[in-house]
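Structure file target17.pdb with PDB, C-alpha atoms (C1' of nucleotides):
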ATOM      1  CA  MET A   1      93.112 166.992  78.528  1.00  0.00           C
ATOM      2  CA  SER A   2      92.351 170.695  78.687  1.00  0.00           C
ATOM      3  CA  GLN A   3      89.423 170.195  76.403  1.00  0.00           C
ATOM      4  CA  ALA A   4      88.222 167.208  78.406  1.00  0.00           C
ATOM      5  CA  TYR A   5      88.592 168.630  81.901  1.00  0.00           C
ATOM      6  CA  GLY A   6      88.849 172.407  81.501  1.00  0.00           C
ATOM      7  CA  GLU A   7      90.674 174.884  83.691  1.00  0.00           C
ATOM      8  CA  GLN A   8      91.628 173.397  87.028  1.00  0.00           C
ATOM      9  CA  HIS A   9      92.353 176.566  89.048  1.00  0.00           C
ATOM     10  CA  TRP A  10      95.091 175.067  91.150  1.00  0.00           C
ATOM     11  CA  TRP A  11      96.244 175.544  93.853  1.00  0.00           C
ATOM     12  CA  PRO A  12      93.122 176.567  95.822  1.00  0.00           C
ATOM     13  CA  ALA A  13      94.823 178.834  98.357  1.00  0.00           C
ATOM     14  CA  LYS A  14      94.528 182.512  99.217  1.00  0.00           C
ATOM     15  CA  SER A  15      98.209 182.990  99.929  1.00  0.00           C
ATOM     16  CA  ALA A  16     101.514 181.320  99.191  1.00  0.00           C
ATOM     17  CA  PHE A  17     101.916 180.385 102.837  1.00  0.00           C
ATOM     18  CA  GLU A  18      98.484 178.775 102.921  1.00  0.00           C
ATOM     19  CA  MET A  19      99.485 176.829  99.832  1.00  0.00           C
ATOM     20  CA  MET A  20     102.577 175.502 101.592  1.00  0.00           C
ATOM     21  CA  VAL A  21     100.543 174.511 104.622  1.00  0.00           C
ATOM     22  CA  GLY A  22      98.196 172.639 102.302  1.00  0.00           C
ATOM     23  CA  ALA A  23     101.160 170.862 100.739  1.00  0.00           C
ATOM     24  CA  ILE A  24     102.140 169.443 104.134  1.00  0.00           C
ATOM     25  CA  LEU A  25      98.594 168.610 105.165  1.00  0.00           C
ATOM     26  CA  THR A  26      97.730 166.788 101.959  1.00  0.00           C
ATOM     27  CA  GLN A  27     100.566 164.268 102.303  1.00  0.00           C
ATOM     28  CA  ASN A  28      98.897 160.894 101.713  1.00  0.00           C
ATOM     29  CA  THR A  29      95.599 162.533 102.601  1.00  0.00           C
ATOM     30  CA  ASN A  30      92.371 163.292 100.786  1.00  0.00           C
ATOM     31  CA  TRP A  31      91.955 166.997 100.001  1.00  0.00           C
ATOM     32  CA  ASN A  32      88.503 167.028 101.628  1.00  0.00           C
ATOM     33  CA  ASN A  33      90.133 166.371 104.980  1.00  0.00           C
ATOM     34  CA  VAL A  34      92.777 168.996 104.327  1.00  0.00           C
ATOM     35  CA  GLU A  35      90.119 171.638 103.721  1.00  0.00           C
ATOM     36  CA  LYS A  36      88.566 170.966 107.101  1.00  0.00           C
ATOM     37  CA  ALA A  37      91.916 171.476 108.765  1.00  0.00           C
ATOM     38  CA  LEU A  38      92.509 174.686 106.783  1.00  0.00           C
ATOM     39  CA  VAL A  39      89.124 176.050 107.874  1.00  0.00           C
ATOM     40  CA  ASN A  40      90.044 175.382 111.500  1.00  0.00           C
ATOM     41  CA  LEU A  41      93.388 177.148 111.050  1.00  0.00           C
ATOM     42  CA  ARG A  42      91.733 180.130 109.411  1.00  0.00           C
ATOM     43  CA  ASN A  43      89.102 180.438 112.129  1.00  0.00           C
ATOM     44  CA  ALA A  44      91.890 180.340 114.684  1.00  0.00           C
ATOM     45  CA  HIS A  45      93.687 183.106 112.772  1.00  0.00           C
ATOM     46  CA  VAL A  46      96.928 181.149 112.604  1.00  0.00           C
ATOM     47  CA  LEU A  47      97.177 180.821 108.826  1.00  0.00           C
ATOM     48  CA  ASP A  48     100.220 183.054 108.887  1.00  0.00           C
ATOM     49  CA  ALA A  49     103.838 181.977 109.331  1.00  0.00           C
ATOM     50  CA  GLU A  50     104.701 184.517 111.996  1.00  0.00           C
ATOM     51  CA  VAL A  51     101.632 183.642 114.051  1.00  0.00           C
ATOM     52  CA  MET A  52     101.726 179.883 113.516  1.00  0.00           C
ATOM     53  CA  MET A  53     105.384 179.704 114.484  1.00  0.00           C
ATOM     54  CA  THR A  54     104.602 180.889 117.996  1.00  0.00           C
ATOM     55  CA  CYS A  55     101.521 178.822 118.641  1.00  0.00           C
ATOM     56  CA  ASN A  56     101.330 175.845 120.927  1.00  0.00           C
ATOM     57  CA  GLN A  57     101.956 172.553 119.165  1.00  0.00           C
ATOM     58  CA  GLU A  58      99.125 170.721 120.938  1.00  0.00           C
ATOM     59  CA  MET A  59      96.766 173.460 119.809  1.00  0.00           C
ATOM     60  CA  LEU A  60      97.991 173.035 116.248  1.00  0.00           C
ATOM     61  CA  GLU A  61      97.320 169.313 116.530  1.00  0.00           C
ATOM     62  CA  THR A  62      93.689 169.839 117.481  1.00  0.00           C
ATOM     63  CA  TRP A  63      93.113 172.222 114.580  1.00  0.00           C
ATOM     64  CA  ILE A  64      94.625 169.960 111.943  1.00  0.00           C
ATOM     65  CA  ARG A  65      93.283 166.696 113.367  1.00  0.00           C
ATOM     66  CA  PRO A  66      90.856 166.117 110.435  1.00  0.00           C
ATOM     67  CA  ALA A  67      93.813 165.936 108.033  1.00  0.00           C
ATOM     68  CA  GLY A  68      95.245 162.863 109.777  1.00  0.00           C
ATOM     69  CA  PHE A  69      98.847 162.198 110.886  1.00  0.00           C
ATOM     70  CA  PHE A  70      98.238 165.271 113.033  1.00  0.00           C
ATOM     71  CA  ARG A  71     101.182 164.853 115.412  1.00  0.00           C
ATOM     72  CA  GLN A  72     103.794 164.588 112.651  1.00  0.00           C
ATOM     73  CA  LYS A  73     102.127 167.276 110.598  1.00  0.00           C
ATOM     74  CA  ALA A  74     101.938 169.765 113.464  1.00  0.00           C
ATOM     75  CA  ALA A  75     105.684 169.377 113.947  1.00  0.00           C
ATOM     76  CA  ARG A  76     106.236 169.702 110.204  1.00  0.00           C
ATOM     77  CA  LEU A  77     104.191 172.899 110.060  1.00  0.00           C
ATOM     78  CA  ILE A  78     106.351 174.447 112.773  1.00  0.00           C
ATOM     79  CA  GLU A  79     109.441 173.493 110.779  1.00  0.00           C
ATOM     80  CA  LEU A  80     107.876 174.995 107.681  1.00  0.00           C
ATOM     81  CA  CYS A  81     107.263 178.270 109.518  1.00  0.00           C
ATOM     82  CA  HIS A  82     110.909 178.523 110.535  1.00  0.00           C
ATOM     83  CA  PHE A  83     112.006 177.858 106.979  1.00  0.00           C
ATOM     84  CA  TYR A  84     109.519 180.411 105.664  1.00  0.00           C
ATOM     85  CA  MET A  85     110.693 183.136 108.049  1.00  0.00           C
ATOM     86  CA  GLU A  86     114.380 182.394 107.559  1.00  0.00           C
ATOM     87  CA  ARG A  87     113.943 182.635 103.787  1.00  0.00           C
ATOM     88  CA  GLU A  88     112.011 185.897 104.096  1.00  0.00           C
ATOM     89  CA  GLY A  89     108.830 184.417 102.725  1.00  0.00           C
ATOM     90  CA  VAL A  90     108.015 183.583  99.150  1.00  0.00           C
ATOM     91  CA  GLN A  91     109.512 186.799  97.847  1.00  0.00           C
ATOM     92  CA  GLY A  92     112.793 185.807  99.433  1.00  0.00           C
ATOM     93  CA  MET A  93     112.546 182.298  97.975  1.00  0.00           C
ATOM     94  CA  LYS A  94     111.906 183.629  94.478  1.00  0.00           C
ATOM     95  CA  ARG A  95     115.357 185.213  94.518  1.00  0.00           C
ATOM     96  CA  TRP A  96     117.054 181.804  94.803  1.00  0.00           C
ATOM     97  CA  PRO A  97     117.911 179.473  91.912  1.00  0.00           C
ATOM     98  CA  THR A  98     115.424 176.615  91.719  1.00  0.00           C
ATOM     99  CA  LYS A  99     117.951 173.852  92.280  1.00  0.00           C
ATOM    100  CA  ALA A 100     119.511 175.416  95.370  1.00  0.00           C
ATOM    101  CA  LEU A 101     116.136 176.271  96.880  1.00  0.00           C
ATOM    102  CA  ARG A 102     114.888 172.745  96.232  1.00  0.00           C
ATOM    103  CA  SER A 103     117.743 171.198  98.121  1.00  0.00           C
ATOM    104  CA  ARG A 104     117.177 173.592 101.053  1.00  0.00           C
ATOM    105  CA  LEU A 105     113.507 172.561 101.079  1.00  0.00           C
ATOM    106  CA  LEU A 106     114.533 168.896 101.164  1.00  0.00           C
ATOM    107  CA  ASP A 107     116.631 169.644 104.243  1.00  0.00           C
ATOM    108  CA  VAL A 108     113.443 170.499 106.119  1.00  0.00           C
ATOM    109  CA  HIS A 109     112.321 167.477 108.098  1.00  0.00           C
ATOM    110  CA  GLY A 110     108.987 166.342 106.702  1.00  0.00           C
ATOM    111  CA  ILE A 111     109.413 167.843 103.251  1.00  0.00           C
ATOM    112  CA  GLY A 112     110.177 165.212 100.623  1.00  0.00           C
ATOM    113  CA  PRO A 113     110.504 165.541  96.836  1.00  0.00           C
ATOM    114  CA  GLU A 114     106.816 165.857  95.979  1.00  0.00           C
ATOM    115  CA  THR A 115     106.055 168.370  98.718  1.00  0.00           C
ATOM    116  CA  ALA A 116     109.149 170.385  97.804  1.00  0.00           C
ATOM    117  CA  ASP A 117     108.236 170.459  94.132  1.00  0.00           C
ATOM    118  CA  SER A 118     104.597 171.333  94.839  1.00  0.00           C
ATOM    119  CA  ILE A 119     105.784 174.293  96.877  1.00  0.00           C
ATOM    120  CA  LEU A 120     108.254 175.313  94.176  1.00  0.00           C
ATOM    121  CA  LEU A 121     105.706 175.061  91.364  1.00  0.00           C
ATOM    122  CA  TYR A 122     102.601 176.535  92.966  1.00  0.00           C
ATOM    123  CA  ALA A 123     103.850 178.855  95.714  1.00  0.00           C
ATOM    124  CA  VAL A 124     107.275 180.005  94.532  1.00  0.00           C
ATOM    125  CA  GLU A 125     106.210 179.703  90.886  1.00  0.00           C
ATOM    126  CA  LYS A 126     109.329 177.946  89.647  1.00  0.00           C
ATOM    127  CA  PRO A 127     108.914 175.840  86.476  1.00  0.00           C
ATOM    128  CA  ILE A 128     109.412 172.349  87.876  1.00  0.00           C
ATOM    129  CA  PHE A 129     107.354 169.226  87.222  1.00  0.00           C
ATOM    130  CA  VAL A 130     105.578 167.595  90.163  1.00  0.00           C
ATOM    131  CA  VAL A 131     105.524 163.799  90.172  1.00  0.00           C
ATOM    132  CA  ASP A 132     102.858 162.057  92.195  1.00  0.00           C
ATOM    133  CA  ALA A 133     101.418 158.561  92.463  1.00  0.00           C
ATOM    134  CA  TYR A 134      98.838 159.388  89.768  1.00  0.00           C
ATOM    135  CA  THR A 135     101.477 160.523  87.312  1.00  0.00           C
ATOM    136  CA  LYS A 136     103.412 157.288  87.589  1.00  0.00           C
ATOM    137  CA  ARG A 137     100.358 155.047  87.524  1.00  0.00           C
ATOM    138  CA  ILE A 138      98.770 156.708  84.521  1.00  0.00           C
ATOM    139  CA  PHE A 139     101.871 156.937  82.383  1.00  0.00           C
ATOM    140  CA  HIS A 140     103.065 153.468  83.280  1.00  0.00           C
ATOM    141  CA  ARG A 141      99.728 151.990  82.229  1.00  0.00           C
ATOM    142  CA  LEU A 142      99.648 153.964  79.023  1.00  0.00           C
ATOM    143  CA  GLY A 143     103.028 152.472  78.191  1.00  0.00           C
ATOM    144  CA  LEU A 144     104.517 155.919  77.754  1.00  0.00           C
ATOM    145  CA  LEU A 145     106.702 155.733  80.857  1.00  0.00           C
ATOM    146  CA  PRO A 146     108.849 152.569  81.118  1.00  0.00           C
ATOM    147  CA  GLU A 147     108.054 150.420  84.168  1.00  0.00           C
ATOM    148  CA  THR A 148     111.753 150.457  84.982  1.00  0.00           C
ATOM    149  CA  VAL A 149     111.496 154.160  85.728  1.00  0.00           C
ATOM    150  CA  GLN A 150     110.151 154.371  89.288  1.00  0.00           C
ATOM    151  CA  ASP A 151     112.500 156.646  91.182  1.00  0.00           C
ATOM    152  CA  TYR A 152     111.094 160.128  91.775  1.00  0.00           C
ATOM    153  CA  ASP A 153     114.004 162.032  90.259  1.00  0.00           C
ATOM    154  CA  ASP A 154     114.132 159.704  87.245  1.00  0.00           C
ATOM    155  CA  VAL A 155     110.431 160.158  86.513  1.00  0.00           C
ATOM    156  CA  GLN A 156     110.810 163.899  86.861  1.00  0.00           C
ATOM    157  CA  ALA A 157     113.797 163.898  84.506  1.00  0.00           C
ATOM    158  CA  PHE A 158     111.730 161.938  81.986  1.00  0.00           C
ATOM    159  CA  PHE A 159     109.133 164.699  81.856  1.00  0.00           C
ATOM    160  CA  HIS A 160     111.662 167.505  82.036  1.00  0.00           C
ATOM    161  CA  GLN A 161     113.292 166.089  78.918  1.00  0.00           C
ATOM    162  CA  ARG A 162     110.017 165.981  77.017  1.00  0.00           C
ATOM    163  CA  LEU A 163     108.103 169.077  78.070  1.00  0.00           C
ATOM    164  CA  ALA A 164     108.628 172.768  77.515  1.00  0.00           C
ATOM    165  CA  HIS A 165     109.982 174.238  80.755  1.00  0.00           C
ATOM    166  CA  SER A 166     107.108 176.588  81.239  1.00  0.00           C
ATOM    167  CA  LEU A 167     105.497 177.509  84.534  1.00  0.00           C
ATOM    168  CA  PHE A 168     102.069 177.496  82.956  1.00  0.00           C
ATOM    169  CA  ILE A 169     102.559 174.098  81.277  1.00  0.00           C
ATOM    170  CA  PHE A 170     103.834 172.418  84.411  1.00  0.00           C
ATOM    171  CA  GLN A 171     101.093 173.864  86.601  1.00  0.00           C
ATOM    172  CA  ALA A 172      98.316 173.027  84.171  1.00  0.00           C
ATOM    173  CA  PHE A 173      99.606 169.582  83.260  1.00  0.00           C
ATOM    174  CA  HIS A 174      99.978 168.334  86.815  1.00  0.00           C
ATOM    175  CA  ALA A 175      96.526 169.644  87.691  1.00  0.00           C
ATOM    176  CA  LEU A 176      95.034 167.917  84.652  1.00  0.00           C
ATOM    177  CA  ILE A 177      96.722 164.627  85.525  1.00  0.00           C
ATOM    178  CA  VAL A 178      95.056 164.701  88.919  1.00  0.00           C
ATOM    179  CA  ALA A 179      91.740 165.690  87.347  1.00  0.00           C
ATOM    180  CA  HIS A 180      92.038 162.764  84.967  1.00  0.00           C
ATOM    181  CA  ALA A 181      92.890 160.339  87.771  1.00  0.00           C
ATOM    182  CA  LYS A 182      89.911 161.457  89.825  1.00  0.00           C
ATOM    183  CA  ALA A 183      87.563 161.352  86.857  1.00  0.00           C
ATOM    184  CA  HIS A 184      88.550 157.758  86.116  1.00  0.00           C
ATOM    185  CA  CYS A 185      88.685 156.475  89.639  1.00  0.00           C
ATOM    186  CA  ARG A 186      87.927 152.835  90.394  1.00  0.00           C
ATOM    187  CA  SER A 187      84.185 153.295  89.950  1.00  0.00           C
ATOM    188  CA  THR A 188      84.698 153.600  86.214  1.00  0.00           C
ATOM    189  CA  PRO A 189      85.320 150.158  84.634  1.00  0.00           C
ATOM    190  CA  LEU A 190      86.691 151.444  81.366  1.00  0.00           C
ATOM    191  CA  CYS A 191      86.784 154.698  79.537  1.00  0.00           C
ATOM    192  CA  ASP A 192      86.199 154.539  75.788  1.00  0.00           C
ATOM    193  CA  ASP A 193      86.324 158.290  75.692  1.00  0.00           C
ATOM    194  CA  CYS A 194      89.504 158.523  77.717  1.00  0.00           C
ATOM    195  CA  PRO A 195      91.259 161.676  76.465  1.00  0.00           C
ATOM    196  CA  LEU A 196      94.658 160.093  77.044  1.00  0.00           C
ATOM    197  CA  LEU A 197      93.962 156.824  75.246  1.00  0.00           C
ATOM    198  CA  SER A 198      92.690 158.705  72.233  1.00  0.00           C
ATOM    199  CA  CYS A 199      96.035 160.390  71.766  1.00  0.00           C
ATOM    200  CA  CYS A 200      98.172 157.380  72.645  1.00  0.00           C
ATOM    201  CA  ALA A 201      99.194 154.909  69.969  1.00  0.00           C
ATOM    202  CA  HIS A 202      99.402 152.081  72.504  1.00  0.00           C
ATOM    203  CA  GLY A 203      95.951 152.796  73.816  1.00  0.00           C
ATOM    204  CA  LYS A 204      94.061 149.888  72.321  1.00  0.00           C
ATOM    205  CA  SER A 205      96.562 147.212  73.245  1.00  0.00           C
ATOM    206  CA  ILE A 206      96.845 148.543  76.787  1.00  0.00           C
ATOM    207  CA  VAL A 207      93.087 148.464  77.147  1.00  0.00           C
ATOM    208  CA  SER A 208      92.721 144.891  75.903  1.00  0.00           C
ATOM    209  CA  ASP A 209      95.625 143.684  78.021  1.00  0.00           C
ATOM    210  CA  GLU A 210      94.459 145.329  81.197  1.00  0.00           C
ATOM    211  CA  GLY A 211      90.838 144.290  80.801  1.00  0.00           C
ATOM    212  CA  ASN A 212      88.619 146.459  82.943  1.00  0.00           C
ATOM    213  CA  GLU A 213      91.284 148.539  84.622  1.00  0.00           C
ATOM    214  CA  ALA A 214      90.547 152.212  84.599  1.00  0.00           C
ATOM    215  CA  ILE A 215      93.182 154.820  83.819  1.00  0.00           C
TER     216      ILE A 215
ATOM    217  C1'  DA B   1      84.465 145.573 107.394  1.00  0.00           C
ATOM    218  C1'  DC B   2      87.107 146.872 104.275  1.00  0.00           C
ATOM    219  C1'  DC B   3      90.062 150.331 100.901  1.00  0.00           C
ATOM    220  C1'  DC B   4      92.404 154.432 100.051  1.00  0.00           C
ATOM    221  C1'  DA B   5      93.922 159.299  99.850  1.00  0.00           C
ATOM    222  C1'  DG B   6      97.716 164.893  95.758  1.00  0.00           C
ATOM    223  C1'  DG B   7     104.022 161.271 101.280  1.00  0.00           C
ATOM    224  C1'  DG B   8     107.814 160.965 104.341  1.00  0.00           C
ATOM    225  C1'  DT B   9     110.728 158.899 107.795  1.00  0.00           C
ATOM    226  C1'  DC B  10     112.803 155.285 110.127  1.00  0.00           C
ATOM    227  C1'  DA B  11     114.333 150.483 111.066  1.00  0.00           C
ATOM    228  C1'  DT B  12     115.947 146.358 109.034  1.00  0.00           C
ATOM    229  C1'  DA B  13     118.497 143.088 105.710  1.00  0.00           C
TER     230       DA B  13
ATOM    231  C1'  DT C   1     119.482 149.747  97.526  1.00  0.00           C
ATOM    232  C1'  DA C   2     115.169 147.998  98.778  1.00  0.00           C
ATOM    233  C1'  DT C   3     111.312 146.651 101.176  1.00  0.00           C
ATOM    234  C1'  DG C   4     108.083 147.173 105.331  1.00  0.00           C
ATOM    235  C1'  DA C   5     106.034 149.565 109.373  1.00  0.00           C
ATOM    236  C1'  DC C   6     104.218 153.485 110.949  1.00  0.00           C
ATOM    237  C1'  DC C   7     101.719 157.693 111.122  1.00  0.00           C
ATOM    238  C1'  DA C   8      95.490 158.857 111.658  1.00  0.00           C
ATOM    239  C1'  DT C   9      91.392 160.815 109.733  1.00  0.00           C
ATOM    240  C1'  DG C  10      87.121 160.752 106.866  1.00  0.00           C
ATOM    241  C1'  DG C  11      84.725 159.168 102.663  1.00  0.00           C
ATOM    242  C1'  DG C  12      83.383 155.548  99.484  1.00  0.00           C
TER     243       DG C  12
END
This entry written out as structure tokens:
Amino acid sequence: MSQAYGEQHWWPAKSAFEMMVGAILTQNTNWNNVEKALVNLRNAHVLDAEVMMTCNQEMLETWIRPAGFFRQKAARLIELCHFYMEREGVQGMKRWPTKALRSRLLDVHGIGPETADSILLYAVEKPIFVVDAYTKRIFHRLGLLPETVQDYDDVQAFFHQRLAHSLFIFQAFHALIVAHAKAHCRSTPLCDDCPLLSCCAHGKSIVSDEGNEAI
DNA sequence: ACCCAGGGTCATA
DNA sequence: TATGACCATGGG
């Protein structure tokens, strides 16, 4: 996948806090829309936990409107700011064991498993595998991940059992999975040169069974 | 006029 | 435990 898609330079953020904000904003939302919201926040000079925490929620809503779900997300950003300050920023978070920090993140209203793990992997730089819709779809279709495994924590455990627990591996792999999913979006009928099929023993049978399904 | 996107929460059964 | 509704915008 590296050879096929190259370096992915994830996560595109100038600071750890900006990364966390992006993690909230991108929930079920196209990254293009998230970028517009981030530009608005930057122009307003509120891309900082201490500043954002004090700003008016209706103002926040207008800035992040392009990212959709703006009312929920504005409230979630405020919650994130409180968490960030209470934990003394990313440096403070780094001092905590991954498991304990993860469960504190999950206590924050509006932060679920994927958002928590994205923050842990890309902002706090803890070696933890991020599971998203792409990951499940791709590996289910390849026949590598049993269809019976659907639950977030179960899917994550599946990969944790099979991959080296390396920050670099987890960061790069998740990024490449997304790159692969985007490259073979629904516009592509079938990919003969699919870098995953070529290294998957079940590839051919999956392809013939699924017909013209991409990924 | 659809469909969906790098989810999460809440109400039902 | 397991579905379904809801949140909202912009791009294909």
Exercise for the section: Find the residues of chain A in contact range of chain B, meaning any atom within 9 Å when counting only C-alpha atoms (C1' of nucleotides), and list them as JSON, numbers by chain. Expected result: {"A": [23, 24, 26, 27, 28, 29, 30, 31, 109, 110, 111, 112, 113, 114, 115, 132, 133, 134, 178]}
Problem - Residues matched by the PyMOL selection byres ((chain C) within 8 of (chain A)), written as a PyMOL selection string - result: chain C and resi 7-10
Practice task
Taking the file above as input, evaluate the PyMOL selection byres ((chain C and resi 1) around 12) and report the hits as number ranges by chain.
Solution key: A: 151; B: 13; C: 2-3
Please enumerate the residues selected by the PyMOL selection byres ((chain A and resi 126) around 10) when evaluated against the supplied file, formatted as a JSON list (two decimals) with C-alpha atoms, keeping the file's coordinate frame.
[["chain", "number", "residue", "atom", "x", "y", "z"],
["A", 93, "MET", "CA", 112.55, 182.30, 97.98],
["A", 94, "LYS", "CA", 111.91, 183.63, 94.48],
["A", 97, "PRO", "CA", 117.91, 179.47, 91.91],
["A", 98, "THR", "CA", 115.42, 176.62, 91.72],
["A", 99, "LYS", "CA", 117.95, 173.85, 92.28],
["A", 117, "ASP", "CA", 108.24, 170.46, 94.13],
["A", 118, "SER", "CA", 104.60, 171.33, 94.84],
["A", 119, "ILE", "CA", 105.78, 174.29, 96.88],
["A", 120, "LEU", "CA", 108.25, 175.31, 94.18],
["A", 121, "LEU", "CA", 105.71, 175.06, 91.36],
["A", 122, "TYR", "CA", 102.60, 176.54, 92.97],
["A", 123, "ALA", "CA", 103.85, 178.86, 95.71],
["A", 124, "VAL", "CA", 107.28, 180.00, 94.53],
["A", 125, "GLU", "CA", 106.21, 179.70, 90.89],
["A", 127, "PRO", "CA", 108.91, 175.84, 86.48],
["A", 128, "ILE", "CA", 109.41, 172.35, 87.88],
["A", 129, "PHE", "CA", 107.35, 169.23, 87.22],
["A", 165, "HIS", "CA", 109.98, 174.24, 80.76],
["A", 166, "SER", "CA", 107.11, 176.59, 81.24],
["A", 167, "LEU", "CA", 105.50, 177.51, 84.53],
["A", 168, "PHE", "CA", 102.07, 177.50, 82.96],
["A", 170, "PHE", "CA", 103.83, 172.42, 84.41],
["A", 171, "GLN", "CA", 101.09, 173.86, 86.60]]
Problem - Atomic separation - CA of Asp48 (chain A) relative to CA of Gly89 (chain A), Å - result: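 CA of Asp48 (chain A) lies at a distance of 10.7 Å from CA of Gly89 (chain A).
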Practice task
Rank nothing, just name the residue among A:Trp63, A:Tyr152, A:Tyr84, A:Phe159 nearest to Ala16 (chain A), using only C-alpha atoms.
Solution key: A:Tyr84
Exercise for the section: Give me, please, the distance in Å between CA of Leu197 (chain A) and CA of Glu147 (chain A), quoted to one decimal. Expected result: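 These two atoms are separated by 17.9 Å.
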Problem - Point-to-point distance in Å for CA of Val155 (chain A) and CA of His174 (chain A) - result: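 About the pair CA of His174 (chain A) and CA of Val155 (chain A): they are 13.3 Å apart.
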